[in-house]
Amino acid sequence: MKITIFGTGYVGLVTGTCLADVGHDVLCMDVDADKIARLEAGEIPIYEPGLESMVLANVSAGRLSFTADSAEAVAFGTLQFIAVGTPPDEDGSADLTYVLAVAETIGRHMNQYKVIVDKSTVPVGTADRVRETVTKTLEARGERLDFDVCSNPEFLKEGAAIEDFTHGARIVVGTESERVKGLMRECYAPYIRQQEKLMFMDVRAAELTKYAANAMLATKISFMNEIANLAERLGADVEQVRRGIGSDPRIGYQFIYPGCGYGGSCFPKDVQALARTAADVDYRAELLTAVESVNQRQKQTLFAKLRQAFDGDLAGKTIALWGLSFKPNTDDMRDAPSRTLMEALWDAGARVQAYDPEAMRECRRIYGERDDLVLVGDRIQAVKGADALVICTEWKEFRTLDFAWLKQQLATPVVVDGRNLFEPDAVKAAGLLYFAVGRGHSL
Ligand code: UGA
């Protein structure tokens with residue numbers, strides 16, 4: 001099958017590469033000619049485990065190619081996936097400029113039947129707007145060509161995107177057209193041989209499914225963070241509470257890890273966008289608003305704990321920071337709790353000495369060279385000469401730690417753990433002051 005993907009960002013590149021890997025002919029298009037040139041030279045713009053080798057293998061097999069030429073891209077595939085960004089507008093709603101620009105491009109160049117597949121996370125009603133844009137553009141050309149628009153939201157997690165694409169729980173397709181159902185079944189056939197995963201539904205239900213899924217997961221996290229904050233004040237251990245409630249299959253163990261707040265390109269943006277959509281239809285989405293504000297507050301807890309440990313005086317202190325990315329196995333720092341912490345530390349006159357296995361280049365890109373930010377080559381160097389250690393991301397390599405050694409390194413024996421990696425008793429036994437999330441105060 002011939003497939004065009006618009007947008008070579010995270011979703012577009014993973015989707016295109018995985019579809020090529022199961023034998024489809026895929027052309028990925030991006031308006032950023034530099035990015036296309038780099039991809040053609042084998043340079044992958046994002047860090048995602050397994051992606052680079054998969055891109056290279058499929059390019060050399062001739063199934064995956066790249067272009068910046070929109071006419072070529074539209075002519076290529078029967079399926080035209082839109083996988084461009086939908087950044088938040090000032091009011092929190094998703095900005096559809098890029099999505100509608102692709103719709104216009106398709107309308108301008110198409111000469112035969114196409115299925116336009118909305119892959120980007122877009123508000124309910126976007127498929128209708130894409131349809132209108134294509135129709136108008138065709139009319140302006142004096143053309144009346146047949147086409148369909150369907151919604152096919154993605155459920156990829158960064159760091160596990162290939163696995164999620166290949167073995168996802170479901171493939172949601174919003175369409176009423178039998179022709180589209182047939183084509184989408186053909187596209188995903190290699191993934192549904194073992195088990196039927198295709199779920200056909202109305203377009204609007206598919207669009208809302210994406211937001212509802214992310215908002216539900218974000219709700220679980222904010223709920224658990226709220227319970228952790230309560231546990232801290234009540235002298236209960238939230239880890240025991242987590243196991244206690246997770247064992248109920250109606251609640252489940254997944255996504256109930258308390259921490260320093262959720263980040264990334266999806267949850268913060270999608271929760272806000274859904275609340276905005278609700279406001280547009282005169283509905284006050286109180287739960288969504290609370291999920292967002294609990295998360296904002298949670299991202300500030302790392303700094304609050306440090307300030308408490310240092311009696312409010314962090315000026316001139318050096319803080320070691322382990323983990324910059326919003327979660328492990330990615331270099332993505334969008335809305336990462338590490339950023340909230342670093343910015344608060346800088347405002348308080350402290351210095352940051354940070355290490356992350358993948359996100360240091362990204363950190364440099366965001367913050368540039370500055371005196372109060374030192375990026376070091378490993379976690380050991382990060383604690384050298386530091387006053388305290390903060391763990392922001394649960395990278396595997398941070399999970400073991402010689403507490404006695406750490407005690408010798410730190411000028412003040414303070415460890416703030418935003419991911420509950422260690423047993424408080426073991427850390428405290430080494431003479432360290434340990435601030436985890438919802439596991440009692442050590443001061
Ligand atoms: C999320 C969803 O999990 C995907 O299903 C969805 O496709 C994707 O958004 C998207 O819309 O594109 P992602 O943002 O990559 O994926 O990352 P997650 O693994 O879901 O983690 C999100 C944040 O929640 C991280 O900051 C993580 O540390 C935090 N989290 C997660 C917790 O604090 N506690 C948990 O128990 C789980």
# chains A, B, ... in the order shown; residues from 1 in each chain; ligands from 1
$ residues_near_ligand --ligand "ligand 1" --cutoff "7 Å" --atoms "only C-alpha atoms and all ligand atoms" --output "list in words"
Glu154, Phe155, Leu156, Lys157, Glu158, Gly159, Asn214, Ala218, Ile221, Gln254, Phe255, Ile256, Tyr257, Pro258, Gly259, Cys260, Gly261, Tyr262, Gly263, Gly264, Ser265, Cys266, Phe267, Phe326, Lys327 and Ala336 of chain A
$ write_last_selection --atoms "C-alpha atoms" --output "JSON list (two decimals), in the first residue's frame"
[["chain", "number", "residue", "atom", "x", "y", "z"],
["A", 154, "GLU", "CA", -2.20, 7.55, 18.28],
["A", 155, "PHE", "CA", -1.54, 6.07, 21.71],
["A", 156, "LEU", "CA", 2.27, 5.97, 21.63],
["A", 157, "LYS", "CA", 4.34, 6.54, 24.74],
["A", 158, "GLU", "CA", 7.68, 8.18, 24.24],
["A", 159, "GLY", "CA", 10.47, 5.72, 24.93],
["A", 214, "ASN", "CA", -4.87, 10.94, 28.21],
["A", 218, "ALA", "CA", -3.36, 12.26, 33.97],
["A", 221, "ILE", "CA", -1.47, 10.54, 38.43],
["A", 254, "GLN", "CA", -0.76, 1.22, 36.29],
["A", 255, "PHE", "CA", -0.31, 4.98, 36.36],
["A", 256, "ILE", "CA", -0.70, 5.32, 40.10],
["A", 257, "TYR", "CA", 2.95, 6.08, 40.85],
["A", 258, "PRO", "CA", 3.15, 9.34, 42.74],
["A", 259, "GLY", "CA", 6.02, 11.57, 41.72],
["A", 260, "CYS", "CA", 7.06, 15.13, 40.95],
["A", 261, "GLY", "CA", 4.27, 15.69, 38.42],
["A", 262, "TYR", "CA", 3.61, 14.60, 34.87],
["A", 263, "GLY", "CA", 5.32, 16.35, 31.97],
["A", 264, "GLY", "CA", 5.86, 15.71, 28.28],
["A", 265, "SER", "CA", 4.19, 16.87, 25.14],
["A", 266, "CYS", "CA", 0.85, 15.16, 25.76],
["A", 267, "PHE", "CA", -0.73, 15.16, 29.20],
["A", 326, "PHE", "CA", 10.25, 14.29, 31.71],
["A", 327, "LYS", "CA", 10.58, 10.50, 31.97],
["A", 336, "ALA", "CA", 9.56, 18.39, 32.57]]
$ residues_around --residues "Glu132 in chain A" --least-positions-apart "6" --cutoff "10 Å" --atoms "only C-alpha atoms" --output "PyMOL selection string"
chain A and resi 100+103-104+126+138
$ write_last_selection --atoms "N, CA and C atoms" --output "mmCIF file, in the first residue's frame"
data_model
loop_
_atom_site.group_PDB
_atom_site.id
_atom_site.type_symbol
_atom_site.label_atom_id
_atom_site.label_comp_id
_atom_site.auth_asym_id
_atom_site.auth_seq_id
_atom_site.Cartn_x
_atom_site.Cartn_y
_atom_site.Cartn_z
ATOM 1 N N LEU A 100 -4.541 22.289 9.294
ATOM 2 C CA LEU A 100 -5.349 22.820 8.200
ATOM 3 C C LEU A 100 -4.478 23.211 7.004
ATOM 4 N N ALA A 103 -4.217 20.106 5.093
ATOM 5 C CA ALA A 103 -5.487 19.865 4.385
ATOM 6 C C ALA A 103 -5.525 20.699 3.104
ATOM 7 N N GLU A 104 -5.079 21.932 3.207
ATOM 8 C CA GLU A 104 -5.082 22.808 2.034
ATOM 9 C C GLU A 104 -4.111 22.293 0.967
ATOM 10 N N THR A 126 -12.492 18.426 14.379
ATOM 11 C CA THR A 126 -11.424 18.794 13.436
ATOM 12 C C THR A 126 -11.592 18.093 12.087
ATOM 13 N N LEU A 138 -10.407 22.588 -3.245
ATOM 14 C CA LEU A 138 -10.731 21.942 -4.525
ATOM 15 C C LEU A 138 -11.636 22.852 -5.357
#
$ closest_residue --among "A:Val414, A:Ala320, A:Ala344, A:Ile106" --to "Ile380 in chain A" --atoms "only C-alpha atoms"
A:Ala320
$ residues_around --residues "Arg399 in chain A" --least-positions-apart "5" --cutoff "9 Å" --atoms "only C-alpha atoms" --output "NGL selection string"
:A and (394 or 421-422)
$ write_last_selection --atoms "N, CA and C atoms" --output "CSV table (one decimal), in the first residue's frame"
chain,number,residue,atom,x,y,z
A,394,GLU,N,13.4,8.8,36.8
A,394,GLU,CA,13.7,7.4,37.2
A,394,GLU,C,14.5,6.6,36.1
A,421,LEU,N,12.6,6.2,44.5
A,421,LEU,CA,13.4,5.1,44.1
A,421,LEU,C,13.9,4.2,45.2
A,422,PHE,N,14.0,4.7,46.4
A,422,PHE,CA,14.7,4.0,47.5
A,422,PHE,C,13.8,3.8,48.7
$ residues_around --residues "Gly418 in chain A" --least-positions-apart "5" --cutoff "10 Å" --atoms "only C-alpha atoms" --output "list in words"
Pro258, Gly259, Cys260, Gly261, Gln298, Lys299, Thr301, Leu302, Pro337, Ser338, Val390, Ile391, Cys392, Thr393, Glu394, Phe435, Ala436, Val437 and Gly438 of chain A
$ write_last_selection --atoms "C-alpha atoms" --output "tab-separated table (two decimals), in the first residue's frame"
chain	number	residue	atom	x	y	z
A	258	PRO	CA	3.15	9.34	42.74
A	259	GLY	CA	6.02	11.57	41.72
A	260	CYS	CA	7.06	15.13	40.95
A	261	GLY	CA	4.27	15.69	38.42
A	298	GLN	CA	3.30	18.91	42.35
A	299	LYS	CA	6.06	20.16	40.07
A	301	THR	CA	7.26	20.22	45.56
A	302	LEU	CA	10.91	19.36	44.79
A	337	PRO	CA	9.51	18.77	36.38
A	338	SER	CA	13.31	19.29	36.18
A	390	VAL	CA	17.61	15.81	43.67
A	391	ILE	CA	16.33	12.95	41.51
A	392	CYS	CA	13.86	14.11	38.88
A	393	THR	CA	13.71	11.15	36.47
A	394	GLU	CA	13.75	7.43	37.22
A	435	PHE	CA	12.66	13.53	51.16
A	436	ALA	CA	10.64	11.22	48.93
A	437	VAL	CA	7.03	11.67	47.76
A	438	GLY	CA	4.39	10.75	50.31
$ residues_around --residues "Lys317 in chain A" --least-positions-apart "2" --cutoff "9 Å" --atoms "only C-alpha atoms" --output "number ranges by chain"
A: 313-315, 319, 349-352, 386-388
$ residues_around --residues "range 29-31 of chain A" --least-positions-apart "5" --cutoff "10 Å" --atoms "only C-alpha atoms" --output "PyMOL selection string"
chain A and resi 4-9+12-13+36+65-70+72-74+82-84+102
$ write_last_selection --atoms "N, CA and C atoms" --output "CSV table (one decimal), in the first residue's frame"
chain,number,residue,atom,x,y,z
A,4,THR,N,1.3,8.2,2.5
A,4,THR,CA,2.1,9.5,2.7
A,4,THR,C,1.8,9.9,4.2
A,5,ILE,N,2.9,10.4,4.8
A,5,ILE,CA,2.8,10.9,6.1
A,5,ILE,C,3.2,12.4,6.1
A,6,PHE,N,2.4,13.3,6.5
A,6,PHE,CA,2.8,14.7,6.6
A,6,PHE,C,3.2,14.9,8.1
A,7,GLY,N,4.5,15.4,8.2
A,7,GLY,CA,5.0,15.7,9.5
A,7,GLY,C,6.0,14.6,9.9
A,8,THR,N,7.3,15.0,10.1
A,8,THR,CA,8.3,14.0,10.5
A,8,THR,C,8.7,14.2,11.9
A,9,GLY,N,7.8,14.7,12.7
A,9,GLY,CA,8.1,14.8,14.2
A,9,GLY,C,7.9,13.4,14.8
A,12,GLY,N,4.8,11.3,13.4
A,12,GLY,CA,4.9,11.0,12.0
A,12,GLY,C,6.0,10.0,11.7
A,13,LEU,N,7.2,10.3,12.3
A,13,LEU,CA,8.3,9.4,12.0
A,13,LEU,C,8.1,8.0,12.5
A,36,ILE,N,14.4,17.3,6.4
A,36,ILE,CA,14.4,16.2,5.4
A,36,ILE,C,15.8,15.8,4.9
A,65,SER,N,10.9,6.7,2.3
A,65,SER,CA,11.7,7.8,1.8
A,65,SER,C,11.1,9.1,2.3
A,66,PHE,N,11.9,10.2,2.0
A,66,PHE,CA,11.5,11.5,2.5
A,66,PHE,C,11.5,12.5,1.4
A,67,THR,N,10.6,13.5,1.6
A,67,THR,CA,10.5,14.6,0.6
A,67,THR,C,10.1,15.9,1.3
A,68,ALA,N,10.5,17.0,0.7
A,68,ALA,CA,10.0,18.3,1.1
A,68,ALA,C,9.0,18.9,0.1
A,69,ASP,N,8.8,18.0,-0.9
A,69,ASP,CA,7.9,18.5,-2.1
A,69,ASP,C,6.5,18.1,-1.9
A,70,SER,N,5.6,19.0,-1.6
A,70,SER,CA,4.2,18.7,-1.2
A,70,SER,C,3.5,18.0,-2.4
A,72,GLU,N,4.6,16.1,-4.7
A,72,GLU,CA,5.0,14.7,-4.8
A,72,GLU,C,4.4,13.9,-3.6
A,73,ALA,N,4.3,14.5,-2.5
A,73,ALA,CA,3.7,13.8,-1.3
A,73,ALA,C,2.3,13.5,-1.5
A,74,VAL,N,1.5,14.5,-2.0
A,74,VAL,CA,0.1,14.2,-2.2
A,74,VAL,C,-0.2,13.2,-3.3
A,82,ILE,N,-2.1,12.9,8.4
A,82,ILE,CA,-1.7,14.2,9.0
A,82,ILE,C,-1.1,13.9,10.4
A,83,ALA,N,0.2,14.1,10.5
A,83,ALA,CA,0.8,13.9,11.8
A,83,ALA,C,1.7,15.1,12.2
A,84,VAL,N,1.1,16.3,12.0
A,84,VAL,CA,1.9,17.5,12.3
A,84,VAL,C,1.5,18.0,13.7
A,102,VAL,N,-2.0,21.4,6.0
A,102,VAL,CA,-1.8,20.2,5.3
A,102,VAL,C,-3.0,19.9,4.5
$ closest_atom_pairs --of "range 282-338 of chain A" --to "range 43-57 of chain A" --cutoff "9 Å" --atoms "only C-alpha atoms" --output "tab-separated table"
residue	atom	partner	partner_atom	distance
A:Asn329	CA	A:Glu48	CA	7.1
A:Thr330	CA	A:Tyr47	CA	5.9
A:Asp331	CA	A:Tyr47	CA	6.1
A:Asp332	CA	A:Tyr47	CA	8.3
$ write_last_selection --atoms "N, CA and C atoms" --output "short mmCIF file (atom, residue, chain, number, x, y, z; two decimals), in the first residue's frame"
data_model
loop_
_atom_site.label_atom_id
_atom_site.label_comp_id
_atom_site.auth_asym_id
_atom_site.auth_seq_id
_atom_site.Cartn_x
_atom_site.Cartn_y
_atom_site.Cartn_z
N ASN A 329 14.18 7.16 29.08
CA ASN A 329 14.22 6.69 27.69
C ASN A 329 13.76 7.70 26.67
N THR A 330 13.94 8.95 26.98
CA THR A 330 13.65 10.00 26.01
C THR A 330 14.56 11.18 26.32
N ASP A 331 14.78 12.03 25.32
CA ASP A 331 15.53 13.26 25.60
C ASP A 331 14.59 14.46 25.68
N ASP A 332 13.31 14.17 25.75
CA ASP A 332 12.29 15.21 25.72
C ASP A 332 12.19 15.91 27.08
#
$ residues_around --residues "Leu145 in chain A" --least-positions-apart "3" --cutoff "12 Å" --atoms "only C-alpha atoms" --output "PyMOL selection string"
chain A and resi 106-115+134-139+141-142+148
$ write_last_selection --atoms "C-alpha atoms" --output "PDB file, in the first residue's frame"
ATOM      1  CA  ILE A 106      -3.819  18.054  -0.163  1.00  0.00           C
ATOM      2  CA  GLY A 107      -6.737  19.961  -1.709  1.00  0.00           C
ATOM      3  CA  ARG A 108      -4.347  21.915  -3.902  1.00  0.00           C
ATOM      4  CA  HIS A 109      -2.495  18.946  -5.356  1.00  0.00           C
ATOM      5  CA  MET A 110      -4.797  15.920  -5.326  1.00  0.00           C
ATOM      6  CA  ASN A 111      -5.926  14.452  -8.624  1.00  0.00           C
ATOM      7  CA  GLN A 112      -7.658  11.278  -7.482  1.00  0.00           C
ATOM      8  CA  TYR A 113      -9.423   9.725  -4.473  1.00  0.00           C
ATOM      9  CA  LYS A 114      -7.570  10.096  -1.152  1.00  0.00           C
ATOM     10  CA  VAL A 115      -8.270   9.163   2.441  1.00  0.00           C
ATOM     11  CA  VAL A 134     -10.099  20.394   1.324  1.00  0.00           C
ATOM     12  CA  THR A 135     -13.501  20.996  -0.299  1.00  0.00           C
ATOM     13  CA  LYS A 136     -12.924  24.760  -0.448  1.00  0.00           C
ATOM     14  CA  THR A 137      -9.444  24.353  -1.901  1.00  0.00           C
ATOM     15  CA  LEU A 138     -10.731  21.942  -4.525  1.00  0.00           C
ATOM     16  CA  GLU A 139     -13.562  24.354  -5.397  1.00  0.00           C
ATOM     17  CA  ARG A 141      -9.348  24.955  -8.436  1.00  0.00           C
ATOM     18  CA  GLY A 142     -12.706  24.220 -10.071  1.00  0.00           C
ATOM     19  CA  ASP A 148     -12.738  10.935   2.819  1.00  0.00           C
TER      20      ASP A 148
END
$ select_by_dssp --residues "range 12-203 of chain A" --states "alpha helix (DSSP H)" --output "MDAnalysis selection string"
chainID A and resid 12:21 33:40 51:60 70:76 97:109 126:140 161:167 178:188 203
$ select_by_dssp --residues "range 175-393 of chain A" --states "strand (DSSP E)" --output "list of chain:residue names"
A:Leu198, A:Met199, A:Phe200, A:Met201, A:Thr318, A:Ile319, A:Ala320, A:Leu321, A:Trp322, A:Arg351, A:Val352, A:Gln353, A:Ala354, A:Tyr355, A:Leu373, A:Val374, A:Leu375, A:Ala388, A:Leu389, A:Val390, A:Ile391
$ write_last_selection --atoms "C-alpha atoms" --output "PDB file, in the first residue's frame"
ATOM      1  CA  LEU A 198      -9.457  -2.371  15.043  1.00  0.00           C
ATOM      2  CA  MET A 199     -12.243  -0.375  16.642  1.00  0.00           C
ATOM      3  CA  PHE A 200     -14.406   1.503  14.191  1.00  0.00           C
ATOM      4  CA  MET A 201     -16.496   4.300  15.639  1.00  0.00           C
ATOM      5  CA  THR A 318      25.119  23.771  44.470  1.00  0.00           C
ATOM      6  CA  ILE A 319      22.373  21.253  43.790  1.00  0.00           C
ATOM      7  CA  ALA A 320      23.136  17.983  42.016  1.00  0.00           C
ATOM      8  CA  LEU A 321      20.329  16.973  39.689  1.00  0.00           C
ATOM      9  CA  TRP A 322      19.859  13.482  38.272  1.00  0.00           C
ATOM     10  CA  ARG A 351      23.677  26.559  41.045  1.00  0.00           C
ATOM     11  CA  VAL A 352      22.658  23.334  39.276  1.00  0.00           C
ATOM     12  CA  GLN A 353      25.052  20.509  38.472  1.00  0.00           C
ATOM     13  CA  ALA A 354      23.082  18.121  36.262  1.00  0.00           C
ATOM     14  CA  TYR A 355      23.392  14.794  34.517  1.00  0.00           C
ATOM     15  CA  LEU A 373      24.124  25.418  35.052  1.00  0.00           C
ATOM     16  CA  VAL A 374      26.893  22.841  34.776  1.00  0.00           C
ATOM     17  CA  LEU A 375      26.192  19.722  32.732  1.00  0.00           C
ATOM     18  CA  ALA A 388      22.303  18.217  48.019  1.00  0.00           C
ATOM     19  CA  LEU A 389      20.994  15.733  45.444  1.00  0.00           C
ATOM     20  CA  VAL A 390      17.615  15.809  43.669  1.00  0.00           C
ATOM     21  CA  ILE A 391      16.334  12.954  41.507  1.00  0.00           C
TER      22      ILE A 391
END
$ atom_distance --atom1 "CA of Arg370 in chain A" --atom2 "CA of Val383 in chain A"
18.9 Å
$ closest_residue --among "A:Met1, A:Leu208, A:Leu19, A:Val59" --to "Gly77 in chain A" --atoms "only C-alpha atoms"
A:Met1
$ atom_distance --atom1 "CA of Val416 in chain A" --atom2 "CA of Val376 in chain A"
19.3 Å
$ atom_distance --atom1 "CA of Thr289 in chain A" --atom2 "CA of Leu306 in chain A"
27.4 Å
